[in-house]
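Colleague: One file: protein.txt (compact mmCIF, N, CA and C atoms).
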# COMPACT_ATOMS: atom_id res chain seq x y z
N MET A 1231 110.89 75.03 22.19
CA MET A 1231 111.15 74.54 20.85
C MET A 1231 111.89 73.22 20.98
N THR A 1232 111.51 72.27 20.17
CA THR A 1232 112.17 70.97 20.21
C THR A 1232 113.56 71.07 19.59
N ALA A 1233 114.37 70.06 19.84
CA ALA A 1233 115.73 70.03 19.27
C ALA A 1233 115.65 69.98 17.74
N ALA A 1234 114.70 69.23 17.21
CA ALA A 1234 114.56 69.13 15.75
C ALA A 1234 114.20 70.50 15.16
N ALA A 1235 113.28 71.20 15.80
CA ALA A 1235 112.89 72.52 15.32
C ALA A 1235 114.06 73.49 15.41
N GLU A 1236 114.83 73.40 16.49
CA GLU A 1236 116.00 74.26 16.65
C GLU A 1236 117.02 74.01 15.54
N MET A 1237 117.20 72.74 15.17
CA MET A 1237 118.13 72.41 14.08
C MET A 1237 117.64 72.99 12.76
N VAL A 1238 116.34 72.89 12.50
CA VAL A 1238 115.77 73.45 11.27
C VAL A 1238 116.00 74.95 11.24
N LEU A 1239 115.76 75.60 12.36
CA LEU A 1239 115.95 77.05 12.44
C LEU A 1239 117.41 77.43 12.19
N GLN A 1240 118.33 76.72 12.80
CA GLN A 1240 119.75 77.00 12.59
C GLN A 1240 120.13 76.82 11.13
N ASP A 1241 119.62 75.78 10.49
CA ASP A 1241 119.89 75.56 9.05
C ASP A 1241 119.30 76.69 8.22
N ALA A 1242 118.09 77.13 8.60
CA ALA A 1242 117.41 78.18 7.83
C ALA A 1242 118.19 79.49 7.89
N TRP A 1243 118.81 79.80 9.02
CA TRP A 1243 119.57 81.04 9.14
C TRP A 1243 120.72 81.11 8.14
N ARG A 1244 121.20 79.97 7.70
CA ARG A 1244 122.32 79.94 6.76
C ARG A 1244 121.89 80.17 5.31
N LEU A 1245 120.60 80.16 5.05
CA LEU A 1245 120.09 80.34 3.69
C LEU A 1245 120.08 81.81 3.30
N PRO A 1246 120.11 82.06 1.99
CA PRO A 1246 119.98 83.45 1.53
C PRO A 1246 118.61 84.01 1.91
N ILE A 1247 118.54 85.32 2.01
CA ILE A 1247 117.32 86.00 2.45
C ILE A 1247 116.10 85.62 1.61
N GLU A 1248 116.28 85.45 0.30
CA GLU A 1248 115.15 85.10 -0.57
C GLU A 1248 114.56 83.75 -0.20
N GLU A 1249 115.43 82.79 0.10
CA GLU A 1249 114.95 81.46 0.46
C GLU A 1249 114.31 81.47 1.84
N ARG A 1250 114.90 82.21 2.79
CA ARG A 1250 114.30 82.32 4.13
C ARG A 1250 112.92 82.97 4.04
N SER A 1251 112.81 83.98 3.20
CA SER A 1251 111.53 84.66 3.03
C SER A 1251 110.48 83.72 2.47
N SER A 1252 110.86 82.92 1.50
CA SER A 1252 109.93 81.96 0.90
C SER A 1252 109.49 80.93 1.93
N ILE A 1253 110.44 80.42 2.69
CA ILE A 1253 110.10 79.44 3.73
C ILE A 1253 109.18 80.07 4.77
N ALA A 1254 109.49 81.28 5.19
CA ALA A 1254 108.65 81.97 6.18
C ALA A 1254 107.23 82.13 5.66
N ALA A 1255 107.08 82.50 4.40
CA ALA A 1255 105.74 82.67 3.83
C ALA A 1255 104.97 81.35 3.84
N HIS A 1256 105.66 80.27 3.49
CA HIS A 1256 105.00 78.96 3.50
C HIS A 1256 104.59 78.57 4.93
N LEU A 1257 105.44 78.84 5.90
CA LEU A 1257 105.11 78.51 7.28
C LEU A 1257 103.93 79.34 7.77
N ILE A 1258 103.92 80.62 7.44
CA ILE A 1258 102.80 81.48 7.86
C ILE A 1258 101.50 80.99 7.21
N ASP A 1259 101.55 80.64 5.94
CA ASP A 1259 100.36 80.11 5.27
C ASP A 1259 99.85 78.85 5.98
N SER A 1260 100.77 77.99 6.40
CA SER A 1260 100.35 76.75 7.05
C SER A 1260 99.71 77.04 8.41
N VAL A 1261 100.16 78.06 9.10
CA VAL A 1261 99.58 78.43 10.38
C VAL A 1261 98.22 79.08 10.17
N ASP A 1262 98.09 79.91 9.14
CA ASP A 1262 96.82 80.56 8.85
C ASP A 1262 95.72 79.54 8.61
N GLU A 1263 96.07 78.42 7.99
CA GLU A 1263 95.07 77.37 7.74
C GLU A 1263 94.55 76.81 9.04
N VAL A 1264 95.43 76.66 10.02
CA VAL A 1264 95.05 76.11 11.32
C VAL A 1264 94.35 77.15 12.17
N ALA A 1265 94.61 78.42 11.90
CA ALA A 1265 94.08 79.49 12.73
C ALA A 1265 92.57 79.64 12.63
N ASP A 1266 91.95 79.00 11.68
CA ASP A 1266 90.50 79.09 11.53
C ASP A 1266 89.79 78.12 12.48
N ILE A 1267 90.08 78.24 13.77
CA ILE A 1267 89.47 77.37 14.76
C ILE A 1267 88.21 78.01 15.31
N GLU A 1268 87.38 77.20 15.88
CA GLU A 1268 86.15 77.69 16.47
C GLU A 1268 86.45 78.32 17.83
N LEU A 1269 85.90 79.49 18.06
CA LEU A 1269 86.03 80.16 19.35
C LEU A 1269 84.73 80.05 20.11
N SER A 1270 84.84 79.95 21.41
CA SER A 1270 83.63 79.92 22.23
C SER A 1270 82.97 81.29 22.14
N PRO A 1271 81.68 81.37 22.39
CA PRO A 1271 81.00 82.67 22.37
C PRO A 1271 81.64 83.67 23.34
N ALA A 1272 82.13 83.20 24.48
CA ALA A 1272 82.75 84.11 25.45
C ALA A 1272 84.04 84.71 24.88
N TRP A 1273 84.87 83.87 24.23
CA TRP A 1273 86.10 84.39 23.64
C TRP A 1273 85.79 85.33 22.49
N ARG A 1274 84.82 85.00 21.67
CA ARG A 1274 84.44 85.86 20.55
C ARG A 1274 83.98 87.22 21.08
N ALA A 1275 83.19 87.23 22.15
CA ALA A 1275 82.71 88.48 22.75
C ALA A 1275 83.89 89.30 23.29
N GLU A 1276 84.84 88.63 23.92
CA GLU A 1276 86.01 89.32 24.47
C GLU A 1276 86.83 89.96 23.35
N ILE A 1277 87.06 89.22 22.29
CA ILE A 1277 87.83 89.74 21.15
C ILE A 1277 87.10 90.93 20.53
N ASP A 1278 85.80 90.78 20.31
CA ASP A 1278 85.02 91.88 19.73
C ASP A 1278 85.06 93.12 20.62
N SER A 1279 84.98 92.92 21.94
CA SER A 1279 85.03 94.04 22.88
C SER A 1279 86.38 94.76 22.80
N ARG A 1280 87.46 94.00 22.72
CA ARG A 1280 88.79 94.61 22.64
C ARG A 1280 88.98 95.36 21.33
N ILE A 1281 88.50 94.79 20.24
CA ILE A 1281 88.59 95.48 18.94
C ILE A 1281 87.81 96.78 18.99
N GLU A 1282 86.62 96.73 19.57
CA GLU A 1282 85.80 97.94 19.68
C GLU A 1282 86.50 99.01 20.54
N SER A 1283 87.14 98.59 21.62
CA SER A 1283 87.87 99.54 22.48
C SER A 1283 89.01 100.21 21.71
N ILE A 1284 89.66 99.45 20.86
CA ILE A 1284 90.75 100.02 20.05
C ILE A 1284 90.17 101.01 19.04
N ARG A 1285 89.13 100.59 18.34
CA ARG A 1285 88.52 101.47 17.33
C ARG A 1285 87.97 102.75 17.93
N ASP A 1286 87.42 102.65 19.15
CA ASP A 1286 86.83 103.82 19.81
C ASP A 1286 87.87 104.70 20.51
N GLY A 1287 89.12 104.26 20.50
CA GLY A 1287 90.18 105.03 21.14
C GLY A 1287 90.20 104.91 22.64
N ILE A 1288 89.50 103.94 23.19
CA ILE A 1288 89.45 103.75 24.64
C ILE A 1288 90.69 103.00 25.12
N ALA A 1289 91.10 101.99 24.36
CA ALA A 1289 92.26 101.18 24.75
C ALA A 1289 93.54 101.97 24.53
N LYS A 1290 94.46 101.82 25.47
CA LYS A 1290 95.75 102.47 25.34
C LYS A 1290 96.71 101.45 24.72
N LEU A 1291 97.13 101.70 23.49
CA LEU A 1291 98.04 100.79 22.81
C LEU A 1291 99.47 101.20 23.09
N ILE A 1292 100.30 100.22 23.38
CA ILE A 1292 101.70 100.47 23.68
C ILE A 1292 102.55 99.74 22.65
N PRO A 1293 103.49 100.46 22.00
CA PRO A 1293 104.34 99.80 21.01
C PRO A 1293 105.15 98.66 21.62
N HIS A 1294 105.37 97.63 20.83
CA HIS A 1294 106.07 96.42 21.27
C HIS A 1294 107.41 96.73 21.91
N ASP A 1295 108.21 97.60 21.29
CA ASP A 1295 109.54 97.88 21.83
C ASP A 1295 109.46 98.54 23.21
N GLU A 1296 108.43 99.35 23.45
CA GLU A 1296 108.26 99.95 24.78
C GLU A 1296 107.88 98.90 25.82
N VAL A 1297 107.02 97.97 25.43
CA VAL A 1297 106.63 96.90 26.35
C VAL A 1297 107.83 96.05 26.72
N VAL A 1298 108.61 95.65 25.72
CA VAL A 1298 109.78 94.81 25.97
C VAL A 1298 110.78 95.56 26.85
N ALA A 1299 111.02 96.83 26.56
CA ALA A 1299 111.96 97.63 27.37
C ALA A 1299 111.48 97.71 28.82
N GLY A 1300 110.20 97.90 29.03
CA GLY A 1300 109.66 97.96 30.38
C GLY A 1300 109.79 96.64 31.12
N VAL A 1301 109.53 95.55 30.44
CA VAL A 1301 109.66 94.23 31.06
C VAL A 1301 111.11 93.98 31.44
N ARG A 1302 112.02 94.29 30.53
CA ARG A 1302 113.44 94.09 30.82
C ARG A 1302 113.88 94.96 32.00
N ARG A 1303 113.41 96.20 32.06
CA ARG A 1303 113.77 97.08 33.15
C ARG A 1303 113.28 96.51 34.49
N ARG A 1304 112.02 96.06 34.52
CA ARG A 1304 111.47 95.52 35.76
C ARG A 1304 112.19 94.24 36.18
N LEU A 1305 112.51 93.38 35.22
CA LEU A 1305 113.25 92.16 35.55
C LEU A 1305 114.62 92.49 36.10
N SER A 1306 115.28 93.46 35.50
CA SER A 1306 116.59 93.89 35.97
C SER A 1306 116.50 94.43 37.39
N GLU A 1307 115.48 95.22 37.67
CA GLU A 1307 115.28 95.76 39.02
C GLU A 1307 115.04 94.64 40.03
N GLN A 1308 114.25 93.64 39.63
CA GLN A 1308 113.99 92.52 40.53
C GLN A 1308 115.26 91.74 40.81
N LEU A 1309 116.06 91.50 39.78
CA LEU A 1309 117.31 90.78 39.97
C LEU A 1309 118.26 91.56 40.87
N THR A 1310 118.30 92.88 40.69
CA THR A 1310 119.15 93.72 41.52
C THR A 1310 118.71 93.64 42.97
N GLU A 1311 117.40 93.67 43.21
CA GLU A 1311 116.87 93.57 44.57
C GLU A 1311 117.24 92.24 45.22
N LYS A 1312 117.16 91.16 44.45
CA LYS A 1312 117.47 89.83 44.99
C LYS A 1312 118.95 89.70 45.33
N GLN A 1313 119.80 90.46 44.67
CA GLN A 1313 121.23 90.35 44.90
C GLN A 1313 121.71 91.22 46.05
N LYS A 1314 120.85 92.08 46.57
CA LYS A 1314 121.24 92.92 47.71
C LYS A 1314 121.37 92.04 48.95
N PRO A 1315 122.39 92.31 49.78
CA PRO A 1315 122.52 91.51 51.00
C PRO A 1315 121.41 91.87 51.98
N PHE A 1316 121.11 90.93 52.85
CA PHE A 1316 120.12 91.19 53.88
C PHE A 1316 120.67 92.23 54.84
N PRO A 1317 119.79 93.10 55.37
CA PRO A 1317 120.28 94.08 56.34
C PRO A 1317 120.73 93.38 57.61
N PRO A 1318 121.67 93.97 58.33
CA PRO A 1318 122.14 93.34 59.58
C PRO A 1318 121.00 93.18 60.56
N HIS A 1319 121.01 92.11 61.28
CA HIS A 1319 119.95 91.84 62.25
C HIS A 1319 120.34 92.39 63.62
N GLY A 1320 119.42 93.11 64.23
CA GLY A 1320 119.64 93.49 65.60
C GLY A 1320 119.95 94.87 65.79
Starting from the coordinates I provided, produce the structure as structure tokens.

Modeller:
Amino acid sequence: MTAAAEMVLQDAWRLPIEERSSIAAHLIDSVDEVADIELSPAWRAEIDSRIESIRDGIAKLIPHDEVVAGVRRRLSEQLTEKQKPFPPHG
């Protein structure tokens, strides 16, 4: 995020919830307009295949909070491993 965007975000946090909600809605609408981009046939096929897997119950969906918790756990484990001293040589 740019410094200008960070400043806008910090200012927005100070607004009442109603104003933040209105701003958020306007921003989402502006992104939705851009989201109508052309996809290559390969990407369209991939998206359709994933949607079909979800509808058919083949795909295993994992809630966002579980994914984040798992990522944090693995990162913590990796950091712990990196902080272990090397075993004595010899």

Colleague: Using Å and a single decimal, report how far CA of Pro1293 in chain A sits from CA of Ile1258 in chain A.

Modeller: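 Straight-line distance from CA of Ile1258 in chain A to CA of Pro1293 in chain A works out to 22.6 Å.
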
Colleague: Between CA of Leu1257 in chain A and CA of Ala1233 in chain A, what distance in Å does the model show, to one decimal?

Modeller: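 Calculated distance between CA of Leu1257 in chain A and CA of Ala1233 in chain A is 18.1 Å.
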
Colleague: Just the number, please: distance in Å from CA of Asp1241 in chain A to atom C of Ala1254 in chain A, one decimal.

Modeller: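 Those two atoms sit 14.7 Å apart.
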